[in-house]
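Okay, protein-v6.txt is below, compact mmCIF, C-alpha atoms and all ligand atoms:
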```
# COMPACT_ATOMS: atom_id res chain seq x y z
CA MET I 1 0.00 0.00 0.00
CA ASN I 2 3.07 2.25 0.43
CA SER I 3 3.30 3.02 -3.29
CA LYS I 4 -0.22 4.48 -3.29
CA SER I 5 -0.79 8.21 -2.94
CA LYS I 6 -1.48 9.67 0.49
CA ILE I 7 -5.09 10.41 -0.32
CA THR I 8 -5.65 6.71 -1.18
CA GLN I 9 -3.67 5.46 1.81
CA CYS I 10 -5.92 7.58 4.05
CA VAL I 11 -8.96 5.73 2.74
CA HIS I 12 -7.65 2.18 2.47
CA SER I 13 -4.43 1.40 4.38
CA GLY I 14 -4.86 -0.96 7.31
CA SER I 15 -8.62 -1.50 7.00
CA ILE I 16 -9.96 -4.99 7.53
CA ILE I 17 -13.03 -6.60 5.99
CA ASP I 18 -15.42 -8.37 8.33
CA PRO I 19 -15.40 -11.99 7.09
CA ILE I 20 -19.03 -12.57 8.15
CA THR I 21 -20.82 -9.61 6.58
CA ARG I 22 -18.15 -8.31 4.17
CA GLY I 23 -19.22 -4.79 5.12
CA ALA I 24 -17.30 -1.77 3.82
CA VAL I 25 -15.80 -0.61 7.09
CA THR I 26 -13.58 -2.19 9.75
CA PRO I 27 -15.75 -3.74 12.48
CA ILE I 28 -15.25 -2.63 16.09
CA TYR I 29 -13.76 -5.39 18.25
CA PRO I 30 -14.36 -4.29 21.84
CA SER I 31 -12.99 -7.45 23.53
CA THR I 32 -10.47 -7.06 26.31
CA ALA I 33 -10.19 -10.85 26.70
CA TYR I 34 -8.76 -12.96 23.86
CA ASP I 35 -7.92 -16.66 23.40
CA TYR I 36 -4.36 -17.51 24.49
CA ILE I 37 -4.20 -21.08 23.08
CA ASP I 38 -1.72 -21.56 20.24
CA VAL I 39 -0.92 -17.85 19.76
CA GLU I 40 2.52 -16.26 20.13
CA ARG I 41 1.22 -13.32 22.15
CA PHE I 42 -2.48 -13.05 22.90
CA ALA I 43 -4.28 -9.84 22.10
CA TYR I 44 -4.90 -7.38 24.95
CA PRO I 45 -5.60 -3.62 24.73
CA ARG I 46 -2.59 -2.67 26.88
CA TYR I 47 -0.34 -4.76 24.65
CA PHE I 48 -1.29 -2.41 21.79
CA ASN I 49 -2.20 -5.40 19.59
CA THR I 50 -6.00 -5.66 19.40
CA PRO I 51 -7.59 -5.53 15.90
CA ASN I 52 -8.69 -1.87 15.92
CA GLN I 53 -5.33 -0.77 17.36
CA ARG I 54 -3.56 -2.67 14.57
CA VAL I 55 -5.72 -1.06 11.89
CA VAL I 56 -4.95 2.55 12.89
CA SER I 57 -1.29 1.68 13.52
CA GLU I 58 -0.97 0.26 10.03
CA LYS I 59 -2.62 3.30 8.46
CA MET I 60 -0.33 5.68 10.39
CA ALA I 61 2.81 3.67 9.52
CA ALA I 62 1.80 3.86 5.84
CA LEU I 63 1.10 7.62 6.01
CA GLU I 64 4.47 8.39 7.64
CA ASN I 65 6.42 5.89 5.51
CA GLY I 66 7.50 4.05 8.66
CA GLU I 67 7.61 0.34 9.48
CA ARG I 68 5.79 0.43 12.76
CA ALA I 69 3.30 2.72 14.51
CA ILE I 70 1.99 2.67 18.07
CA VAL I 71 -1.23 4.48 18.91
CA PHE I 72 -1.57 6.04 22.39
CA SER I 73 -4.32 7.58 24.49
CA SER I 74 -2.80 11.09 24.16
CA GLY I 75 0.03 12.94 22.47
CA MET I 76 1.79 13.24 25.83
CA ALA I 77 1.54 9.46 26.35
CA ALA I 78 3.30 8.99 22.99
CA ILE I 79 5.95 11.60 23.86
CA SER I 80 6.69 10.49 27.44
CA THR I 81 6.65 6.77 26.62
CA THR I 82 9.06 7.33 23.72
CA LEU I 83 11.45 9.39 25.84
CA PHE I 84 11.51 6.87 28.68
CA ALA I 85 11.91 3.99 26.21
CA LEU I 86 14.97 5.63 24.64
CA LEU I 87 16.64 7.17 27.71
CA LYS I 88 18.02 5.74 30.96
CA GLN I 89 19.86 6.98 34.05
CA GLY I 90 23.15 8.66 33.06
CA ASP I 91 22.01 9.55 29.54
CA HIS I 92 21.74 13.05 28.09
CA ALA I 93 19.17 14.44 25.66
CA VAL I 94 19.00 17.61 23.57
CA PHE I 95 15.67 19.42 23.14
CA GLN I 96 14.52 22.41 21.16
CA ASN I 97 13.57 25.02 23.79
CA ASP I 98 10.69 26.31 21.66
CA LEU I 99 8.50 23.23 22.29
CA TYR I 100 4.82 22.58 22.91
CA GLY I 101 4.26 23.71 26.54
CA GLY I 102 3.20 20.27 27.77
CA THR I 103 6.35 18.64 26.38
CA HIS I 104 8.55 21.38 27.86
CA HIS I 105 6.89 20.90 31.25
CA ALA I 106 7.21 17.10 31.11
CA ILE I 107 10.93 17.32 30.35
CA THR I 108 11.75 19.82 33.07
CA GLN I 109 9.52 18.04 35.65
CA GLU I 110 10.25 14.37 34.96
CA LEU I 111 13.67 13.67 33.41
CA LYS I 112 15.89 14.73 36.33
CA LYS I 113 13.93 12.45 38.70
CA SER I 114 15.18 9.53 36.62
CA GLY I 115 18.77 10.78 36.45
CA ILE I 116 18.50 11.87 32.81
CA ALA I 117 20.33 15.11 31.94
CA TYR I 118 19.26 17.45 29.15
CA THR I 119 20.14 20.64 27.31
CA LEU I 120 17.53 23.02 25.88
CA VAL I 121 18.63 24.70 22.65
CA ASP I 122 17.41 28.30 22.33
CA ASP I 123 17.65 28.92 18.60
CA MET I 124 16.77 26.76 15.61
CA ASP I 125 20.28 26.67 14.14
CA VAL I 126 21.78 23.21 13.57
CA SER I 127 25.18 24.47 14.80
CA SER I 128 23.57 25.18 18.20
CA TYR I 129 22.32 21.58 18.36
CA GLU I 130 25.79 20.36 17.44
CA LYS I 131 27.30 22.38 20.32
CA ALA I 132 24.79 20.86 22.75
CA ILE I 133 25.74 17.25 21.90
CA GLN I 134 27.69 15.42 24.63
CA PRO I 135 29.37 11.99 24.59
CA ASN I 136 26.32 10.49 26.35
CA THR I 137 23.65 12.22 24.20
CA LYS I 138 21.14 9.54 23.19
CA VAL I 139 18.19 11.60 21.90
CA VAL I 140 17.74 14.86 19.97
CA PHE I 141 14.15 16.12 19.98
CA ILE I 142 12.79 18.79 17.64
CA GLU I 143 9.38 20.29 16.79
CA THR I 144 8.94 21.96 13.41
CA PRO I 145 7.05 24.11 12.47
CA SER I 146 7.09 25.57 15.98
CA ASN I 147 4.33 27.20 17.99
CA PRO I 148 3.25 30.02 17.57
CA LEU I 149 5.72 31.70 15.15
CA LEU I 150 6.01 28.72 12.75
CA LYS I 151 9.81 28.71 12.85
CA LEU I 152 11.50 25.79 11.12
CA VAL I 153 14.38 23.48 11.99
CA ASP I 154 16.39 21.82 9.20
CA ILE I 155 15.15 18.23 9.57
CA ARG I 156 17.74 16.58 7.27
CA ALA I 157 20.62 18.31 9.08
CA ILE I 158 19.33 17.19 12.50
CA ALA I 159 18.92 13.60 11.27
CA GLU I 160 22.48 13.62 9.96
CA LEU I 161 23.85 15.13 13.16
CA CYS I 162 22.19 12.31 15.12
CA LYS I 163 23.58 9.60 12.82
CA ASP I 164 27.11 11.05 13.21
CA ASN I 165 26.77 11.05 17.01
CA GLY I 166 24.91 7.81 17.70
CA ALA I 167 21.76 9.56 18.94
CA VAL I 168 18.13 8.81 18.06
CA SER I 169 16.42 11.71 16.26
CA VAL I 170 12.84 12.40 17.39
CA ILE I 171 10.41 14.92 15.90
CA ASP I 172 7.02 16.17 17.03
CA ASN I 173 5.24 16.34 13.64
CA THR I 174 1.85 17.47 15.02
CA PHE I 175 1.70 20.89 13.32
CA ALA I 176 2.55 19.55 9.86
CA SER I 177 0.59 16.25 9.90
CA PRO I 178 1.73 13.34 7.69
CA ILE I 179 0.20 15.08 4.68
CA ASN I 180 2.59 18.04 4.86
CA GLN I 181 5.80 16.53 6.20
CA ASN I 182 7.25 13.00 6.26
CA PRO I 183 10.36 13.22 8.47
CA ILE I 184 11.27 9.52 8.12
CA ASP I 185 11.95 10.22 4.42
CA LEU I 186 14.38 12.93 5.57
CA GLY I 187 16.28 10.54 7.88
CA ILE I 188 14.45 11.01 11.20
CA ASP I 189 14.15 7.93 13.46
CA VAL I 190 10.94 8.55 15.43
CA VAL I 191 7.94 10.69 14.40
CA LEU I 192 5.45 11.69 17.11
CA HIS I 193 1.96 13.14 16.80
CA SER I 194 -0.63 14.54 19.09
CA GLY I 195 -3.49 12.84 17.25
CA THR I 196 -5.82 15.16 19.18
CA LYS I 197 -5.07 17.78 16.50
CA TYR I 198 -5.04 17.04 12.72
CA LEU I 199 -5.29 13.24 12.87
CA GLY I 200 -8.57 13.34 14.82
CA GLY I 201 -9.38 16.63 13.13
CA HIS I 202 -12.86 17.19 14.58
CA SER I 203 -11.90 18.33 18.10
CA ASP I 204 -13.45 15.21 19.64
CA ILE I 205 -10.65 12.61 20.05
CA CYS I 206 -7.65 12.66 22.40
CA CYS I 207 -4.86 10.36 21.16
CA GLY I 208 -1.20 10.19 20.13
CA VAL I 209 1.01 8.22 17.75
CA ALA I 210 4.66 7.19 17.44
CA VAL I 211 5.90 6.01 14.02
CA THR I 212 9.35 4.47 13.56
CA SER I 213 11.37 1.43 12.42
CA GLU I 214 10.52 -2.14 13.38
CA LYS I 215 13.45 -2.23 15.83
CA LEU I 216 12.77 1.06 17.66
CA GLY I 217 9.04 0.32 17.46
CA GLU I 218 9.50 -2.90 19.41
CA LYS I 219 11.50 -1.02 22.04
CA ILE I 220 8.85 1.70 22.41
CA ASN I 221 6.08 -0.92 22.43
CA GLU I 222 7.78 -2.77 25.32
CA SER I 223 7.85 0.43 27.41
CA ALA I 224 4.33 1.30 26.30
CA ILE I 225 3.07 -1.99 27.78
CA ASN I 226 4.63 -0.99 31.10
CA PHE I 227 3.35 2.59 31.10
CA GLY I 228 -0.10 1.58 29.82
CA GLY I 229 -1.22 4.58 27.77
CA SER I 230 -3.29 2.59 25.25
CA LEU I 231 -6.34 3.70 23.25
CA ASN I 232 -9.60 1.70 23.37
CA ALA I 233 -11.27 0.03 20.38
CA GLN I 234 -14.09 2.57 20.03
CA MET I 235 -11.66 5.50 19.91
CA CYS I 236 -9.40 3.61 17.47
CA ALA I 237 -12.40 3.13 15.17
CA LEU I 238 -13.28 6.83 15.43
CA LEU I 239 -9.66 7.72 14.68
CA GLU I 240 -9.67 5.38 11.67
CA ARG I 241 -12.76 7.17 10.34
CA SER I 242 -11.08 10.56 10.84
CA LEU I 243 -7.91 9.45 9.08
CA LYS I 244 -9.89 8.53 5.96
CA THR I 245 -10.44 12.26 5.31
CA LEU I 246 -7.07 13.50 6.64
CA ALA I 247 -5.63 14.37 3.21
CA LEU I 248 -8.86 16.07 2.06
CA ARG I 249 -9.07 18.13 5.22
CA VAL I 250 -5.40 19.10 5.38
CA ASN I 251 -5.26 20.04 1.69
CA GLN I 252 -8.23 22.38 2.21
CA GLN I 253 -6.63 23.77 5.40
CA ASN I 254 -3.34 24.39 3.51
CA SER I 255 -5.18 26.26 0.78
CA ASN I 256 -7.24 28.30 3.26
CA ALA I 257 -4.21 29.19 5.39
CA GLN I 258 -2.24 30.36 2.33
CA GLN I 259 -5.10 32.59 1.16
CA VAL I 260 -5.86 33.92 4.65
CA SER I 261 -2.14 34.70 5.15
CA GLU I 262 -2.01 36.65 1.91
CA PHE I 263 -5.22 38.47 2.81
CA LEU I 264 -3.89 39.40 6.27
CA ALA I 265 -0.46 40.44 4.95
CA ALA I 266 -2.20 43.02 2.74
CA HIS I 267 -4.56 44.27 5.50
CA GLU I 268 -4.00 47.77 6.91
CA LYS I 269 -4.82 46.68 10.48
CA VAL I 270 -2.26 43.84 10.43
CA SER I 271 1.43 44.52 11.05
CA LYS I 272 2.96 41.05 10.61
CA VAL I 273 2.00 37.58 9.37
CA TYR I 274 3.90 34.38 10.14
CA TYR I 275 3.18 31.57 7.66
CA PRO I 276 5.80 29.28 6.05
CA GLY I 277 3.98 29.57 2.70
CA LEU I 278 4.63 33.32 2.46
CA GLU I 279 7.76 34.39 0.60
CA THR I 280 8.36 36.91 3.39
CA HIS I 281 8.64 34.10 6.00
CA GLU I 282 12.25 33.75 7.16
CA ASP I 283 12.24 29.98 6.61
CA HIS I 284 10.24 29.91 3.35
CA ALA I 285 13.10 28.32 1.36
CA LEU I 286 13.56 25.58 3.96
CA ALA I 287 9.79 25.05 4.10
CA LYS I 288 9.71 24.52 0.32
CA ASP I 289 12.56 22.05 0.66
CA GLN I 290 11.34 19.86 3.52
CA MET I 291 7.55 20.29 3.62
CA LEU I 292 5.02 18.91 1.14
CA GLY I 293 2.48 21.59 2.09
CA PHE I 294 2.77 24.66 4.32
CA GLY I 295 0.08 23.70 6.83
CA GLY I 296 -3.07 25.15 8.34
CA MET I 297 -1.44 27.11 11.18
CA LEU I 298 -0.53 30.79 10.98
CA SER I 299 -0.07 33.68 13.36
CA PHE I 300 -0.32 37.42 12.94
CA GLU I 301 0.15 40.68 14.82
CA ILE I 302 -2.63 43.24 14.69
CA LYS I 303 -2.70 47.01 15.21
CA THR I 304 -5.98 47.01 17.17
CA ASP I 305 -7.05 45.68 20.57
CA PRO I 306 -6.67 41.87 20.45
CA ASP I 307 -9.42 41.17 23.02
CA GLN I 308 -11.94 43.33 21.15
CA PHE I 309 -10.89 41.74 17.88
CA VAL I 310 -11.38 38.17 19.13
CA LYS I 311 -14.77 39.07 20.66
CA ALA I 312 -15.86 40.68 17.38
CA LEU I 313 -15.27 37.47 15.40
CA GLU I 314 -18.56 35.76 14.59
CA MET I 315 -17.54 32.41 13.09
CA ILE I 316 -13.91 31.88 14.15
CA LYS I 317 -13.99 30.70 17.76
CA PRO I 318 -11.52 31.42 20.54
CA ALA I 319 -10.47 27.94 21.61
CA MET I 320 -7.46 26.06 22.90
CA SER I 321 -6.13 23.24 20.76
CA LEU I 322 -5.91 23.23 16.95
CA GLY I 323 -6.23 21.16 13.81
CA GLY I 324 -10.03 20.86 13.74
CA ILE I 325 -12.27 21.35 10.72
CA GLU I 326 -13.56 24.55 12.37
CA SER I 327 -11.28 27.59 12.48
CA THR I 328 -10.12 28.54 15.98
CA ILE I 329 -8.02 31.38 17.34
CA THR I 330 -5.86 31.83 20.45
CA SER I 331 -3.84 34.59 22.04
CA PRO I 332 -0.47 32.95 22.88
CA THR I 333 0.28 35.48 25.63
CA GLN I 334 -3.00 34.55 27.36
CA THR I 335 -2.70 30.80 26.82
CA SER I 336 0.36 28.73 25.81
CA HIS I 337 2.91 31.39 26.77
CA SER I 338 1.13 32.99 29.76
CA LYS I 339 3.66 31.67 32.29
CA ILE I 340 6.59 33.31 30.51
CA SER I 341 7.39 36.93 31.52
CA LYS I 342 6.38 39.73 29.12
CA GLU I 343 10.06 40.62 28.70
CA GLU I 344 11.03 37.07 27.74
CA ARG I 345 8.08 36.80 25.38
CA GLU I 346 8.90 40.02 23.58
CA LYS I 347 12.51 38.90 23.19
CA VAL I 348 11.34 35.87 21.19
CA GLY I 349 8.79 37.89 19.20
CA ILE I 350 5.55 37.03 21.00
CA SER I 351 3.72 40.29 21.72
CA ASP I 352 0.29 40.86 23.26
CA PHE I 353 -0.92 41.74 19.75
CA LEU I 354 -0.04 38.32 18.35
CA LEU I 355 -2.83 35.85 17.53
CA ARG I 356 -2.58 32.26 16.33
CA LEU I 357 -5.12 30.97 13.85
CA SER I 358 -5.84 27.29 13.23
CA THR I 359 -7.48 27.35 9.82
CA GLY I 360 -10.48 25.08 9.32
CA ILE I 361 -12.08 23.78 6.14
CA GLU I 362 -14.72 26.54 5.78
CA ASP I 363 -15.11 28.56 2.58
CA VAL I 364 -12.11 30.89 2.58
CA HIS I 365 -14.23 33.95 1.74
CA ASP I 366 -16.32 33.42 4.87
CA LEU I 367 -13.07 33.32 6.85
CA THR I 368 -11.59 36.50 5.37
CA ARG I 369 -14.95 38.29 5.73
CA ASP I 370 -15.11 37.38 9.43
CA LEU I 371 -11.50 38.51 10.00
CA ASP I 372 -11.95 41.74 8.04
CA LYS I 373 -15.11 42.75 9.89
CA ALA I 374 -13.55 42.10 13.29
CA LEU I 375 -10.32 43.92 12.38
CA ARG I 376 -12.32 46.97 11.31
CA SER I 377 -14.60 47.02 14.34
CA ALA I 378 -11.85 46.77 17.01
CA ARG I 379 -10.05 49.92 18.18
C1 LIG I 401 -1.29 19.16 21.72
C2 LIG I 401 0.13 18.89 21.44
C3 LIG I 401 0.85 17.92 22.15
C4 LIG I 401 0.24 17.12 23.28
O1 LIG I 401 -0.76 16.29 22.85
P1 LIG I 401 -2.02 15.81 23.78
O2 LIG I 401 -2.82 15.02 22.82
O3 LIG I 401 -2.67 17.03 24.31
O4 LIG I 401 -1.44 14.97 24.87
C5 LIG I 401 2.17 17.71 21.80
N1 LIG I 401 2.78 18.43 20.83
C6 LIG I 401 2.12 19.38 20.13
C7 LIG I 401 2.83 20.13 19.06
C8 LIG I 401 0.78 19.65 20.41
O5 LIG I 401 0.15 20.61 19.73
```
Would you write the structure of this file as structure tokens?
Amino acid sequence: MNSKSKITQCVHSGSIIDPITRGAVTPIYPSTAYDYIDVERFAYPRYFNTPNQRVVSEKMAALENGERAIVFSSGMAAISTTLFALLKQGDHAVFQNDLYGGTHHAITQELKKSGIAYTLVDDMDVSSYEKAIQPNTKVVFIETPSNPLLKLVDIRAIAELCKDNGAVSVIDNTFASPINQNPIDLGIDVVLHSGTKYLGGHSDICCGVAVTSEKLGEKINESAINFGGSLNAQMCALLERSLKTLALRVNQQNSNAQQVSEFLAAHEKVSKVYYPGLETHEDHALAKDQMLGFGGMLSFEIKTDPDQFVKALEMIKPAMSLGGIESTITSPTQTSHSKISKEEREKVGISDFLLRLSTGIEDVHDLTRDLDKALRSAR
């Protein structure tokens, strides 16, 4: 199935036909108790090997061009299980500092307790990652595009750096989704997703995924059995249904985000737009090189009151999270970056006038009309 296009893989990869009815969709197998006679390892939800878990895993492995995928009950379960599978006492890891808040918090709260040292790299330059590598560095962890300014890290260069230094390269690919970026093709070892975002795509599933090689997959699976962050059959079936439209949704979100970015960049009440698909974006050349599409996420700075602006929006909703079919907006200084001092925030380019938009699949003219009206009504 790997030679098929993404849009076809979304529909077909992994699905199983019910032998009794030959219905069109994978049946839901809710059993938590399976026969153990004459099987190598019996099926059990926390072993990550029940039929519906296998179906979504196979689809995700196909979409990321990996050999093995493990589906978790949240993005953080995928991230923490992977880190603790790959790291042990005495090891060192290198992390991008500009990470999803939950990942940043997990690292700073949990790793030292287990005797794992780490370095946070402040900028996105590969030379800074190289400087942070130590003889005992076992993992390098990046997230690109980053939140909320959509900065990019050179994925190929990080993968190469890891190969030269015997470290496992790990990427959080949530913002791009497998439709817009396939890091395994660029040399990355482990690809992680918060499936709560684009994979689920309807703001109603919490899940996570790790995609990797057979060998690393077995290692992560062993730890996953111990930590227990598995997803149940009903949620796996819902995720499978969502993944069937992933390419359709993301392609529409890419197109909407590009047009909304161009609209905002030309608007008199907007001072700055951050979107990798704009030629003015500092990493546009790198985005063209390593991404297949520029994504549905963008951020922009406005010249009017951000609270009034958000309240004046009629269709676009203020909401945490991202990646849904409905467009949502957040103020990073009031949400994801609220715990960082104003001074620190402004140093990295996150002002109180910055807003992050997760573009949905609506008609783009309805989106620009809503934005335009709200920009004009705020003072
Ligand atoms: C949401 C998110 C996570 C965490 O995922 P959960 O499903 O909330 O556990 C990790 N990384 C990124 C980039 C995210 O947006």
Exercise for the section: Using only C-alpha atoms and all ligand atoms, find each residue with an atom at most 8 Å away from ligand LIG 401 (chain I) and format the answer as a ChimeraX atom specification. Expected result: /I:73-79,99-103,143,146-147,172-175,193-197,206-208,321-322
Output C-alpha atoms for every residue in that selection, as a PDB file, in the frame of the given file.
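Below is the file that was written, out-v9.pdb:
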```pdb
ATOM      1  CA  SER I  73      -4.320   7.580  24.490  1.00  0.00           C
ATOM      2  CA  SER I  74      -2.800  11.090  24.160  1.00  0.00           C
ATOM      3  CA  GLY I  75       0.030  12.940  22.470  1.00  0.00           C
ATOM      4  CA  MET I  76       1.790  13.240  25.830  1.00  0.00           C
ATOM      5  CA  ALA I  77       1.540   9.460  26.350  1.00  0.00           C
ATOM      6  CA  ALA I  78       3.300   8.990  22.990  1.00  0.00           C
ATOM      7  CA  ILE I  79       5.950  11.600  23.860  1.00  0.00           C
ATOM      8  CA  LEU I  99       8.500  23.230  22.290  1.00  0.00           C
ATOM      9  CA  TYR I 100       4.820  22.580  22.910  1.00  0.00           C
ATOM     10  CA  GLY I 101       4.260  23.710  26.540  1.00  0.00           C
ATOM     11  CA  GLY I 102       3.200  20.270  27.770  1.00  0.00           C
ATOM     12  CA  THR I 103       6.350  18.640  26.380  1.00  0.00           C
ATOM     13  CA  GLU I 143       9.380  20.290  16.790  1.00  0.00           C
ATOM     14  CA  SER I 146       7.090  25.570  15.980  1.00  0.00           C
ATOM     15  CA  ASN I 147       4.330  27.200  17.990  1.00  0.00           C
ATOM     16  CA  ASP I 172       7.020  16.170  17.030  1.00  0.00           C
ATOM     17  CA  ASN I 173       5.240  16.340  13.640  1.00  0.00           C
ATOM     18  CA  THR I 174       1.850  17.470  15.020  1.00  0.00           C
ATOM     19  CA  PHE I 175       1.700  20.890  13.320  1.00  0.00           C
ATOM     20  CA  HIS I 193       1.960  13.140  16.800  1.00  0.00           C
ATOM     21  CA  SER I 194      -0.630  14.540  19.090  1.00  0.00           C
ATOM     22  CA  GLY I 195      -3.490  12.840  17.250  1.00  0.00           C
ATOM     23  CA  THR I 196      -5.820  15.160  19.180  1.00  0.00           C
ATOM     24  CA  LYS I 197      -5.070  17.780  16.500  1.00  0.00           C
ATOM     25  CA  CYS I 206      -7.650  12.660  22.400  1.00  0.00           C
ATOM     26  CA  CYS I 207      -4.860  10.360  21.160  1.00  0.00           C
ATOM     27  CA  GLY I 208      -1.200  10.190  20.130  1.00  0.00           C
ATOM     28  CA  SER I 321      -6.130  23.240  20.760  1.00  0.00           C
ATOM     29  CA  LEU I 322      -5.910  23.230  16.950  1.00  0.00           C
TER      30      LEU I 322
END
```
Practice task
Write out as a PyMOL selection string each polymer residue whose atoms come within 12 Å of Leu248 in chain I, counting only C-alpha atoms; drop sequence neighbours fewer than 3 positions from it.
Solution key: chain I and resi 6-11+179-180+198-199+201+242-245+251-255+325+360-361
Handout entry: Contacts of Lys272 in chain I at 9 Å (only C-alpha atoms; same-chain gap of 6+ positions) as a list of chain:residue names
Key =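 Answer for this query is I:Leu264, I:Ala265, I:Ser299, I:Phe300, I:Glu301, I:Ile302, I:Leu354.
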If I wrap all listed atoms of range 282-292 of chain I in a box with edges along x, y and z and add 8 Å on each side, what are its centre and edge lengths in Å to one decimal, as JSON?
```
{"center_x": 9.3, "center_y": 26.3, "center_z": 3.7, "size_x": 24.5, "size_y": 30.8, "size_z": 22.8}
```
Practice task
Compile the contact shell of range 152-163 of chain I as a PyMOL selection string: residues with an atom at most 10 Å away, counting all atoms listed in the file, same-chain residues fewer than 3 positions apart removed.
Solution key: chain I and resi 96+123-127+129-130+133+137-146+149+166-171+183-189+276+282-284+286-287+289-291
Problem - Pick from I:Gly293, I:Leu150, I:Val250, I:Glu314, whichever lies nearest to Val273 in chain I using all atoms listed in the file - result: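 That would be I:Leu150, the residue with the smallest distance to Val273 in chain I.
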Problem - Nearest candidate to Leu238 in chain I (options I:Gln53, I:Ser338, I:Ser114, I:Ser128; using all atoms listed in the file) - result: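 Closest to Leu238 in chain I of all the choices is I:Gln53.
Atom pair CA of Asp164 in chain I / CA of Ala224 in chain I: separated by 28.0 Å.
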Completion exercise
re CA of Tyr29 in chain I and CA of Ala237 in chain I: distance 9.2 Å
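A straight line drawn from CA of Thr304 in chain I to CA of Pro332 in chain I is 16.1 Å long.
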Handout entry: Residue neighbourhood range 41-44 of chain I, 12 Å, all atoms listed in the file, exclusion window fewer than 2 positions, as a PyMOL selection string
Key = chain I and resi 29-39+46-54+225+228+230-233
Pick out the residues sitting within 10 Å of Ile316 in chain I, and hand them over as a PDB file with C-alpha atoms, in the coordinates of the input; count all atoms listed in the file, and ignore anything fewer than 5 positions along from it in its own chain.
```
ATOM      1  CA  VAL I 310     -11.380  38.170  19.130  1.00  0.00           C
ATOM      2  CA  LYS I 311     -14.770  39.070  20.660  1.00  0.00           C
ATOM      3  CA  GLU I 326     -13.560  24.550  12.370  1.00  0.00           C
ATOM      4  CA  SER I 327     -11.280  27.590  12.480  1.00  0.00           C
ATOM      5  CA  THR I 328     -10.120  28.540  15.980  1.00  0.00           C
ATOM      6  CA  ILE I 329      -8.020  31.380  17.340  1.00  0.00           C
ATOM      7  CA  LEU I 357      -5.120  30.970  13.850  1.00  0.00           C
ATOM      8  CA  SER I 358      -5.840  27.290  13.230  1.00  0.00           C
ATOM      9  CA  THR I 359      -7.480  27.350   9.820  1.00  0.00           C
ATOM     10  CA  GLY I 360     -10.480  25.080   9.320  1.00  0.00           C
ATOM     11  CA  GLU I 362     -14.720  26.540   5.780  1.00  0.00           C
ATOM     12  CA  ASP I 366     -16.320  33.420   4.870  1.00  0.00           C
ATOM     13  CA  LEU I 367     -13.070  33.320   6.850  1.00  0.00           C
ATOM     14  CA  ASP I 370     -15.110  37.380   9.430  1.00  0.00           C
ATOM     15  CA  LEU I 371     -11.500  38.510  10.000  1.00  0.00           C
TER      16      LEU I 371
END
```
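Candidate residues I:Glu58, I:Glu40, I:Asp98, I:Glu67 were compared for distance to Gly349 in chain I, and the nearest is I:Asp98, using all atoms listed in the file.
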Exercise for the section: Select, from I:Ser261, I:Gln334, I:Ser5, I:Asn97, the residue with the minimum atom-to-atom distance to Asp122 in chain I, counting only C-alpha atoms. Expected result: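 Counting only C-alpha atoms, the residue closest to Asp122 in chain I is I:Asn97.
Each of I:Ser331, I:Gln89, I:Ser351, I:Gln258 was checked against Gly115 in chain I using only C-alpha atoms; the smallest atom-to-atom distance is that of I:Gln89.
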Practice task
Name the closest residue to Ser336 in chain I among the candidates I:Ala247, I:Pro19, I:Ser80, I:His105; distances are taken between atoms, counting all atoms listed in the file.
Solution key: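 The closest residue to Ser336 in chain I is I:His105.
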